[in-house]
$ cat target_20.csv   # CSV, C-alpha atoms and all ligand atoms
chain,number,residue,atom,x,y,z
A,1,MET,CA,-23.8,-22.8,2.9
A,2,ARG,CA,-22.9,-22.5,6.5
A,3,VAL,CA,-20.5,-19.6,7.3
A,4,LEU,CA,-19.1,-18.4,10.6
A,5,PHE,CA,-17.6,-14.9,10.8
A,6,VAL,CA,-14.9,-14.4,13.4
A,7,CYS,CA,-13.2,-11.4,15.0
A,8,LEU,CA,-11.6,-10.8,18.4
A,9,GLY,CA,-14.5,-9.6,20.5
A,10,ASN,CA,-17.6,-10.6,18.5
A,11,ILE,CA,-19.1,-7.2,19.2
A,12,CYS,CA,-18.0,-5.1,16.3
A,13,ARG,CA,-16.6,-6.6,13.0
A,14,SER,CA,-18.0,-10.2,12.9
A,15,PRO,CA,-21.6,-9.4,14.0
A,16,THR,CA,-21.6,-6.6,11.4
A,17,ALA,CA,-20.4,-9.1,8.7
A,18,GLU,CA,-23.1,-11.6,9.8
A,19,GLY,CA,-25.8,-8.9,9.6
A,20,VAL,CA,-24.6,-7.5,6.3
A,21,VAL,CA,-24.4,-10.9,4.6
A,22,ARG,CA,-27.8,-12.0,5.9
A,23,HIS,CA,-29.2,-8.7,4.6
A,24,LEU,CA,-27.6,-9.2,1.2
A,25,ALA,CA,-28.7,-12.8,0.9
A,26,ARG,CA,-32.3,-11.9,1.8
A,27,GLU,CA,-32.2,-9.1,-0.7
A,28,ALA,CA,-31.0,-11.6,-3.4
A,29,GLY,CA,-33.8,-14.0,-2.5
A,30,VAL,CA,-31.4,-16.7,-1.2
A,31,GLY,CA,-31.6,-16.1,2.5
A,32,ARG,CA,-32.8,-19.6,3.2
A,33,GLN,CA,-29.7,-21.1,1.6
A,34,TRP,CA,-27.4,-19.4,4.1
A,35,HIS,CA,-26.8,-20.4,7.7
A,36,LEU,CA,-24.8,-17.5,9.2
A,37,ASP,CA,-23.3,-16.9,12.6
A,38,SER,CA,-20.4,-15.0,14.2
A,39,ALA,CA,-18.1,-15.6,17.1
A,40,GLY,CA,-15.0,-14.1,18.8
A,41,THR,CA,-11.6,-15.6,19.4
A,42,GLY,CA,-11.6,-13.8,22.8
A,43,ASN,CA,-13.9,-14.1,25.7
A,44,TYR,CA,-14.1,-10.4,26.8
A,45,HIS,CA,-17.7,-9.7,25.8
A,46,LEU,CA,-19.6,-13.0,26.1
A,47,GLY,CA,-23.4,-12.6,26.0
A,48,GLU,CA,-23.2,-8.9,25.0
A,49,ALA,CA,-25.1,-7.3,22.2
A,50,PRO,CA,-23.0,-5.7,19.4
A,51,ASP,CA,-21.2,-2.4,20.3
A,52,GLU,CA,-23.6,0.6,20.1
A,53,ARG,CA,-21.5,2.2,17.5
A,54,SER,CA,-21.7,-0.9,15.3
A,55,GLN,CA,-25.5,-1.1,15.8
A,56,ARG,CA,-25.9,2.6,14.9
A,57,ALA,CA,-23.8,2.3,11.8
A,58,ALA,CA,-25.6,-0.8,10.6
A,59,ARG,CA,-29.0,0.7,11.4
A,60,ARG,CA,-28.2,3.7,9.1
A,61,ARG,CA,-28.0,1.1,6.3
A,62,GLY,CA,-31.2,-0.7,7.3
A,63,ILE,CA,-29.6,-3.5,9.2
A,64,ASP,CA,-30.6,-4.5,12.8
A,65,LEU,CA,-27.9,-6.1,14.8
A,66,SER,CA,-29.6,-5.8,18.2
A,67,ALA,CA,-30.6,-9.5,18.6
A,68,LEU,CA,-27.1,-10.8,18.2
A,69,ARG,CA,-25.1,-11.9,21.3
A,70,ALA,CA,-21.3,-12.4,21.6
A,71,ARG,CA,-19.9,-15.9,22.0
A,72,GLN,CA,-16.5,-17.5,21.7
A,73,VAL,CA,-15.4,-19.8,18.9
A,74,CYS,CA,-15.5,-23.5,20.0
A,75,ALA,CA,-14.3,-26.8,18.6
A,76,GLU,CA,-17.7,-27.9,17.3
A,77,ASP,CA,-17.8,-24.8,15.1
A,78,PHE,CA,-15.1,-26.4,12.9
A,79,HIS,CA,-17.5,-29.3,12.3
A,80,ARG,CA,-20.7,-27.3,12.0
A,81,PHE,CA,-19.6,-24.7,9.4
A,82,ASP,CA,-18.4,-25.1,5.8
A,83,LEU,CA,-16.5,-21.9,5.9
A,84,ILE,CA,-15.0,-19.9,8.8
A,85,LEU,CA,-13.8,-16.4,7.9
A,86,GLY,CA,-11.5,-14.3,10.1
A,87,MET,CA,-11.6,-10.5,9.9
A,88,ASP,CA,-7.8,-10.2,10.2
A,89,HIS,CA,-4.7,-12.3,10.2
A,90,ALA,CA,-4.5,-12.6,14.0
A,91,ASN,CA,-8.1,-14.1,13.9
A,92,LEU,CA,-7.1,-16.5,11.2
A,93,ARG,CA,-4.0,-17.6,13.0
A,94,ALA,CA,-6.1,-18.2,16.2
A,95,LEU,CA,-8.5,-20.3,14.1
A,96,GLN,CA,-5.8,-22.3,12.6
A,97,GLY,CA,-4.5,-23.1,16.1
A,98,LEU,CA,-8.0,-24.1,17.3
A,99,ARG,CA,-9.0,-26.3,14.4
A,100,PRO,CA,-9.4,-30.0,15.2
A,101,ALA,CA,-7.5,-32.2,12.8
A,102,SER,CA,-10.7,-34.1,11.7
A,103,ALA,CA,-12.7,-30.9,11.0
A,104,GLY,CA,-13.9,-30.1,7.5
A,105,ALA,CA,-14.4,-26.4,7.7
A,106,MET,CA,-12.4,-24.3,5.3
A,107,LEU,CA,-10.7,-21.3,6.9
A,108,GLY,CA,-9.9,-17.9,5.2
A,109,LEU,CA,-10.1,-14.2,5.5
A,110,PHE,CA,-13.4,-12.4,4.8
A,111,LEU,CA,-11.6,-10.0,2.5
A,112,ASP,CA,-10.5,-12.9,0.3
A,113,TYR,CA,-13.9,-12.3,-1.2
A,114,ALA,CA,-13.0,-8.7,-2.1
A,115,PRO,CA,-9.8,-9.2,-4.2
A,116,GLN,CA,-10.4,-5.8,-5.9
A,117,LEU,CA,-9.4,-4.1,-2.6
A,118,LYS,CA,-5.8,-3.6,-1.6
A,119,GLN,CA,-6.4,-4.3,2.1
A,120,ARG,CA,-6.7,-7.9,3.3
A,121,GLU,CA,-8.0,-7.1,6.9
A,122,VAL,CA,-11.1,-5.5,8.3
A,123,PRO,CA,-9.4,-3.1,10.8
A,124,ASP,CA,-10.5,-3.3,14.4
A,125,PRO,CA,-12.7,-0.2,15.0
A,126,TYR,CA,-13.1,-0.7,18.8
A,127,PHE,CA,-10.6,2.1,19.8
A,128,ASP,CA,-11.5,4.3,16.8
A,129,GLY,CA,-14.2,7.0,16.2
A,130,GLU,CA,-17.4,6.6,14.2
A,131,GLN,CA,-15.5,6.6,10.9
A,132,GLY,CA,-13.9,3.2,11.7
A,133,PHE,CA,-17.3,1.7,12.0
A,134,GLU,CA,-18.4,3.1,8.7
A,135,THR,CA,-15.3,1.6,7.1
A,136,VAL,CA,-16.2,-1.8,8.7
A,137,LEU,CA,-19.6,-1.6,7.0
A,138,ASP,CA,-18.2,-0.6,3.7
A,139,LEU,CA,-15.8,-3.6,3.7
A,140,CYS,CA,-18.5,-6.0,4.9
A,141,PHE,CA,-20.7,-4.9,2.0
A,142,GLU,CA,-17.9,-5.3,-0.5
A,143,ALA,CA,-16.8,-8.7,0.7
A,144,GLY,CA,-20.3,-9.8,1.4
A,145,ARG,CA,-21.3,-9.2,-2.3
A,146,GLY,CA,-18.2,-11.1,-3.3
A,147,LEU,CA,-19.1,-14.1,-1.1
A,148,LEU,CA,-22.6,-14.3,-2.5
A,149,ASN,CA,-21.4,-14.0,-6.1
A,150,HIS,CA,-18.7,-16.6,-5.5
A,151,ALA,CA,-21.4,-19.0,-4.1
A,152,ALA,CA,-23.7,-18.2,-7.0
A,153,GLY,CA,-20.8,-19.3,-9.1
B,201,LIG,P1,-14.2,-6.9,17.4
B,201,LIG,O1,-13.7,-5.6,18.2
B,201,LIG,O2,-13.1,-7.9,17.5
B,201,LIG,O3,-14.4,-6.3,16.0
B,201,LIG,O4,-15.4,-7.3,18.1
B,201,LIG,C1,-13.2,-5.6,19.5
B,201,LIG,C2,-14.0,-5.6,20.5
B,201,LIG,C3,-13.5,-5.6,21.8
B,201,LIG,C4,-12.1,-5.6,22.0
B,201,LIG,C5,-11.3,-5.6,20.9
B,201,LIG,C6,-11.8,-5.6,19.7
B,201,LIG,N1,-11.6,-5.6,23.3
B,201,LIG,O5,-10.4,-5.5,23.5
B,201,LIG,O6,-12.4,-5.6,24.3

$ encode --input "target_20.csv" --output "structure tokens"
Amino acid sequence: MRVLFVCLGNICRSPTAEGVVRHLAREAGVGRQWHLDSAGTGNYHLGEAPDERSQRAARRRGIDLSALRARQVCAEDFHRFDLILGMDHANLRALQGLRPASAGAMLGLFLDYAPQLKQREVPDPYFDGEQGFETVLDLCFEAGRGLLNHAAG
């Protein structure tokens, strides 16, 4: 299963989603079955490591995001991945606009895999305090478990 997580900057939400799902997949003993990556619809932070606040919040839960580097979504992504998941509706709309007609990737929202939650979007924490980053982690764990269970079928 090849999954690309997408947000705006690729420094807060989508690298957190990538790190959390990788962590959960390894924990479940299926890490080798998952090819995971993340990217941004914007180009503001290309080449940067995840936001310090995201890294700190993830580290508190045993997840190291320090090796990840921000990049922008590109046309090949729609051919290279089975599933491309936006963190919010704006990300999903941007992905729908970029998707080449011939591409096979399925598009959706990450929180489609957490139907038990009322919210459908992972809120952008960039201009928030630390609590916003904790919320992102909570949501990523919830949807990440849902994604793994869905694939396990
Ligand atoms: P992300 O958060 O999309 O979760 O990575 C953001 C990071 C940077 C900006 C916006 C959102 N920015 O405007 O620079």

$ residues_near_point --input "target_20.csv" --point "(-10.2, -14.7, 21.2)" --cutoff "8 Å" --atoms "all atoms listed in the file" --output "count of residues only"
11

$ residues_near_ligand --input "target_20.csv" --ligand "ligand LIG 201 (chain B)" --cutoff "10 Å" --atoms "only C-alpha atoms and all ligand atoms" --output "ChimeraX atom specification"
/A:6-17,38-45,50-51,54,70,86-88,91,122-127,133,136

$ closest_residue --input "target_20.csv" --among "A:Trp34, A:Glu142, A:Gln131, A:Phe81" --to "Leu111 in chain A" --atoms "only C-alpha atoms"
A:Glu142

$ atom_distance --input "target_20.csv" --atom1 "CA of Arg99 in chain A" --atom2 "CA of Ala75 in chain A"
6.8 Å

$ closest_residue --input "target_20.csv" --among "A:Gly19, A:Gly97, A:Gly31, A:Gly47" --to "Arg59 in chain A" --atoms "only C-alpha atoms"
A:Gly19

$ atom_distance --input "target_20.csv" --atom1 "CA of Arg145 in chain A" --atom2 "CA of Leu24 in chain A"
7.2 Å

$ closest_residue --input "target_20.csv" --among "A:Glu121, A:Asp37, A:Glu134, A:Glu27" --to "Leu68 in chain A" --atoms "only C-alpha atoms"
A:Asp37

$ residues_near_point --input "target_20.csv" --point "(-29.1, -12.6, 4.8)" --cutoff "10 Å" --atoms "all atoms listed in the file" --output "list in words"
Glu18, Gly19, Val20, Val21, Arg22, His23, Leu24, Ala25, Arg26, Glu27, Ala28, Gly29, Val30, Gly31, Arg32, Gln33, Trp34, His35, Leu36, Gly144 and Leu148 of chain A

$ closest_residue --input "target_20.csv" --among "A:Leu109, A:Ala49, A:Ala57, A:Leu4" --to "Glu76 in chain A" --atoms "all atoms listed in the file"
A:Leu4

$ closest_residue --input "target_20.csv" --among "A:Arg60, A:Gly132, A:Ala151, A:Gln119" --to "Arg2 in chain A" --atoms "only C-alpha atoms"
A:Ala151

$ closest_residue --input "target_20.csv" --among "A:Leu83, A:Leu46, A:Ala67, A:Ala90" --to "Leu107 in chain A" --atoms "all atoms listed in the file"
A:Leu83

$ atom_distance --input "target_20.csv" --atom1 "CA of Gly129 in chain A" --atom2 "CA of Arg53 in chain A"
8.8 Å

$ decode --input "target_20.csv" --residues "range 106-118 of chain A" --atoms "all heavy atoms" --output "mmCIF file, in the first residue's frame"
data_model
loop_
_atom_site.group_PDB
_atom_site.id
_atom_site.type_symbol
_atom_site.label_atom_id
_atom_site.label_comp_id
_atom_site.auth_asym_id
_atom_site.auth_seq_id
_atom_site.Cartn_x
_atom_site.Cartn_y
_atom_site.Cartn_z
ATOM 1 N N MET A 106 -6.170 7.059 -5.762
ATOM 2 C CA MET A 106 -7.441 7.462 -5.152
ATOM 3 C C MET A 106 -7.178 8.654 -4.250
ATOM 4 O O MET A 106 -6.164 8.696 -3.546
ATOM 5 C CB MET A 106 -7.989 6.320 -4.284
ATOM 6 C CG MET A 106 -8.856 5.363 -5.044
ATOM 7 S SD MET A 106 -9.657 4.131 -3.982
ATOM 8 C CE MET A 106 -9.495 4.748 -2.326
ATOM 9 N N LEU A 107 -8.096 9.621 -4.246
ATOM 10 C CA LEU A 107 -7.959 10.801 -3.384
ATOM 11 C C LEU A 107 -9.013 10.743 -2.287
ATOM 12 O O LEU A 107 -10.113 10.231 -2.490
ATOM 13 C CB LEU A 107 -8.150 12.085 -4.187
ATOM 14 C CG LEU A 107 -7.303 12.281 -5.447
ATOM 15 C CD1 LEU A 107 -7.541 13.678 -6.025
ATOM 16 C CD2 LEU A 107 -5.828 12.084 -5.146
ATOM 17 N N GLY A 108 -8.674 11.306 -1.139
ATOM 18 C CA GLY A 108 -9.642 11.366 -0.046
ATOM 19 C C GLY A 108 -9.127 12.242 1.062
ATOM 20 O O GLY A 108 -8.077 12.892 0.938
ATOM 21 N N LEU A 109 -9.883 12.287 2.150
ATOM 22 C CA LEU A 109 -9.471 13.000 3.363
ATOM 23 C C LEU A 109 -8.936 11.967 4.358
ATOM 24 O O LEU A 109 -9.492 10.871 4.479
ATOM 25 C CB LEU A 109 -10.658 13.721 3.997
ATOM 26 C CG LEU A 109 -11.213 14.940 3.279
ATOM 27 C CD1 LEU A 109 -12.511 15.382 3.959
ATOM 28 C CD2 LEU A 109 -10.197 16.074 3.258
ATOM 29 N N PHE A 110 -7.886 12.328 5.078
ATOM 30 C CA PHE A 110 -7.319 11.401 6.059
ATOM 31 C C PHE A 110 -8.395 10.987 7.075
ATOM 32 O O PHE A 110 -8.490 9.824 7.447
ATOM 33 C CB PHE A 110 -6.133 12.076 6.743
ATOM 34 C CG PHE A 110 -5.338 11.204 7.679
ATOM 35 C CD1 PHE A 110 -5.190 9.834 7.467
ATOM 36 C CD2 PHE A 110 -4.694 11.769 8.776
ATOM 37 C CE1 PHE A 110 -4.435 9.044 8.332
ATOM 38 C CE2 PHE A 110 -3.944 10.992 9.641
ATOM 39 C CZ PHE A 110 -3.811 9.633 9.430
ATOM 40 N N LEU A 111 -9.223 11.945 7.495
ATOM 41 C CA LEU A 111 -10.216 11.626 8.526
ATOM 42 C C LEU A 111 -11.399 10.819 7.999
ATOM 43 O O LEU A 111 -12.288 10.460 8.766
ATOM 44 C CB LEU A 111 -10.680 12.895 9.254
ATOM 45 C CG LEU A 111 -9.612 13.610 10.090
ATOM 46 C CD1 LEU A 111 -10.251 14.661 11.010
ATOM 47 C CD2 LEU A 111 -8.769 12.648 10.923
ATOM 48 N N ASP A 112 -11.402 10.493 6.692
ATOM 49 C CA ASP A 112 -12.357 9.494 6.185
ATOM 50 C C ASP A 112 -12.154 8.174 6.935
ATOM 51 O O ASP A 112 -13.073 7.364 7.029
ATOM 52 C CB ASP A 112 -12.140 9.210 4.684
ATOM 53 C CG ASP A 112 -12.565 10.372 3.801
ATOM 54 O OD1 ASP A 112 -13.291 11.260 4.293
ATOM 55 O OD2 ASP A 112 -12.176 10.382 2.614
ATOM 56 N N TYR A 113 -10.938 7.971 7.458
ATOM 57 C CA TYR A 113 -10.615 6.726 8.162
ATOM 58 C C TYR A 113 -10.887 6.827 9.657
ATOM 59 O O TYR A 113 -10.541 5.913 10.407
ATOM 60 C CB TYR A 113 -9.164 6.315 7.858
ATOM 61 C CG TYR A 113 -9.041 5.955 6.398
ATOM 62 C CD1 TYR A 113 -8.715 6.936 5.453
ATOM 63 C CD2 TYR A 113 -9.351 4.681 5.942
ATOM 64 C CE1 TYR A 113 -8.680 6.636 4.098
ATOM 65 C CE2 TYR A 113 -9.311 4.367 4.595
ATOM 66 C CZ TYR A 113 -8.982 5.341 3.684
ATOM 67 O OH TYR A 113 -8.949 5.046 2.343
ATOM 68 N N ALA A 114 -11.509 7.924 10.071
ATOM 69 C CA ALA A 114 -11.949 8.072 11.464
ATOM 70 C C ALA A 114 -13.409 8.530 11.463
ATOM 71 O O ALA A 114 -13.739 9.603 11.973
ATOM 72 C CB ALA A 114 -11.062 9.081 12.199
ATOM 73 N N PRO A 115 -14.312 7.688 10.902
ATOM 74 C CA PRO A 115 -15.715 8.096 10.764
ATOM 75 C C PRO A 115 -16.418 8.275 12.108
ATOM 76 O O PRO A 115 -17.478 8.904 12.162
ATOM 77 C CB PRO A 115 -16.349 6.951 9.964
ATOM 78 C CG PRO A 115 -15.454 5.781 10.178
ATOM 79 C CD PRO A 115 -14.076 6.339 10.362
ATOM 80 N N GLN A 116 -15.808 7.741 13.180
ATOM 81 C CA GLN A 116 -16.394 7.895 14.510
ATOM 82 C C GLN A 116 -16.261 9.324 15.032
ATOM 83 O O GLN A 116 -16.938 9.703 15.984
ATOM 84 C CB GLN A 116 -15.737 6.906 15.492
ATOM 85 C CG GLN A 116 -14.278 7.201 15.852
ATOM 86 C CD GLN A 116 -13.261 6.698 14.818
ATOM 87 O OE1 GLN A 116 -13.618 6.396 13.679
ATOM 88 N NE2 GLN A 116 -12.005 6.636 15.213
ATOM 89 N N LEU A 117 -15.374 10.123 14.426
ATOM 90 C CA LEU A 117 -15.190 11.518 14.855
ATOM 91 C C LEU A 117 -16.157 12.421 14.104
ATOM 92 O O LEU A 117 -16.490 12.157 12.952
ATOM 93 C CB LEU A 117 -13.756 11.982 14.568
ATOM 94 C CG LEU A 117 -12.622 11.173 15.198
ATOM 95 C CD1 LEU A 117 -11.283 11.771 14.790
ATOM 96 C CD2 LEU A 117 -12.756 11.154 16.713
ATOM 97 N N LYS A 118 -16.555 13.529 14.750
ATOM 98 C CA LYS A 118 -17.454 14.481 14.082
ATOM 99 C C LYS A 118 -16.698 15.278 13.028
ATOM 100 O O LYS A 118 -17.233 15.588 11.978
ATOM 101 C CB LYS A 118 -18.042 15.450 15.111
ATOM 102 C CG LYS A 118 -19.212 14.875 15.869
ATOM 103 C CD LYS A 118 -20.085 16.000 16.439
ATOM 104 C CE LYS A 118 -20.932 15.485 17.591
ATOM 105 N NZ LYS A 118 -20.206 15.530 18.895
#
